[in-house]
Amino acid sequence: MDATITLDLVIFLFAVATAAGFVDSIAGGGGLIAMPALLAAGLSPVQALATNKLQGTGGTLSASFYFISRGAVNLREMRLAIVMTFIGSTMGTLLVQRIDAGVLEQAIPFLLIGIVLYFLFSPRLSSEQSGQMISLSVFSFTAAVAIGFYDGFFGPGTGSFFTIAFVSLLGYSITSATAHTKVLNCTSNLASLLFFIIGGHVVWTVGLVMMLGQVLGARLGSGVVLSRGQTLIRPMIVCVSLAMTAKLLWGNYGHLLQ
């Protein structure tokens with residue numbers, strides 16, 4: 001880690017993680033707030049990705065237990081999708097650890113901009129069930145692998161991508177899609193975190209502090225009415241992410257304007 005861990009930095013990252021957990025519990029996309037903050041705090045790109053997985057795993061793990069315990073997700077039915085998501089995330093995590101850090105540092109702001117644009121212009125999802133386009137097996141070998149790979153390689157927006165895939169490809173209602181999304185998102189987080197730990201890239205102090213903030217934020221977010229929350233959160237994600245992305249772009253390319 002390039003930055004010294006100070007009390008101010010810990011408080012800042014705890015607050016960011018609380019906001020990210022709050023956002024994620026309502027509308028998804030909390031990683032769009034956490035990732036730029038980790039980079040702005042001085043972590044290398046790979047450290048930021050690894051530590052983001054640690055702080056984000058707590059929320060998806062607890063949500064998965066919640067949905068499974070209430071029968072919203074049939075694990076036996078989802079076995080293949082879980083395995084393929086794990087494989088995809090593993091491949092993405094192994095690849096990102098082999099990319100030159102300088103190249104990754106240059107690429108991440110543009111990846112963030114792409115995800116922000118997606119959040120700006122993506123359509124609202126319907127609460128109604130729609131027609132199923134592909135089988136769960138085909139979904140497992142295509143969408144689950146691809147989104148799992150993306151989560152292992154980068155991550156922000158993964159939950160939204162899974163939800164959209166469940167709704168548009170399998171015809172799930174938004175409620176069912178959200179429940180199944182948490183299980184696959186938890187799978188990809190755990191796979192990615194495991195290989196980041198093996199690679200020695202997790203900054204544990206930062207990750208554990210932010211995990212506490214994530215839990216607090218998720219609990220606060222659960223008390224917000226969903227429709228109002230989505231109205232408030234999407235602009236928040238976009239504005240915060242654009243501001244932090246601008247800081248990263250200035251750090252990388254500001255010298256060209258001087």
# chains A, B, ... in the order shown; residues from 1 in each chain; ligands from 1
$ residues_around --residues "Leu136 in chain A" --least-positions-apart "5" --cutoff "9 Å" --atoms "only C-alpha atoms" --output "JSON list (two decimals) with C-alpha atoms, in the first residue's frame"
[["chain", "number", "residue", "atom", "x", "y", "z"],
["A", 77, "GLU", "CA", -31.42, -25.93, -8.65],
["A", 78, "MET", "CA", -28.68, -23.29, -8.76],
["A", 80, "LEU", "CA", -24.47, -25.39, -11.95],
["A", 81, "ALA", "CA", -24.83, -21.60, -12.04],
["A", 141, "PHE", "CA", -22.50, -21.55, -19.19],
["A", 170, "LEU", "CA", -34.72, -16.32, -17.40]]
$ select_by_dssp --residues "range 172-229 of chain A" --states "alpha helix (DSSP H)" --output "ChimeraX atom specification"
/A:174-199,204-221,226-229
$ closest_residue --among "A:Ala19, A:Leu194, A:Leu7, A:Ala107" --to "Leu212 in chain A" --atoms "only C-alpha atoms"
A:Ala19
$ atom_distance --atom1 "CA of Leu184 in chain A" --atom2 "CA of Gly157 in chain A"
13.3 Å
$ atom_distance --atom1 "CA of Ala17 in chain A" --atom2 "CA of Thr51 in chain A"
11.5 Å
$ atom_distance --atom1 "CA of Leu94 in chain A" --atom2 "CA of Met211 in chain A"
23.3 Å
$ closest_residue --among "A:Leu169, A:Leu9, A:Ile108, A:Ile33" --to "Ser135 in chain A" --atoms "only C-alpha atoms"
A:Leu169
$ closest_residue --among "A:Ala218, A:Val83, A:Leu112, A:Ala146" --to "Ala191 in chain A" --atoms "only C-alpha atoms"
A:Val83
$ closest_residue --among "A:Ala50, A:Ile68, A:Ala179, A:Ile113" --to "Asp151 in chain A" --atoms "only C-alpha atoms"
A:Ala50
$ closest_residue --among "A:Ala41, A:Cys186, A:Leu32, A:Val215" --to "Gly152 in chain A" --atoms "only C-alpha atoms"
A:Cys186
$ closest_residue --among "A:Gly102, A:Gly251, A:Gly200, A:Gly221" --to "Ala40 in chain A" --atoms "only C-alpha atoms"
A:Gly251
$ residues_around --residues "Leu111 in chain A" --least-positions-apart "5" --cutoff "12 Å" --atoms "only C-alpha atoms" --output "list in words"
Leu32, Met35, Pro36, Leu104, Glu105, Gln106, Val116, Leu117, Tyr118, Tyr150, Phe153, Phe154, Gly155, Pro156, Gly157, Ser241, Leu242, Thr245, Leu248 and Leu249 of chain A
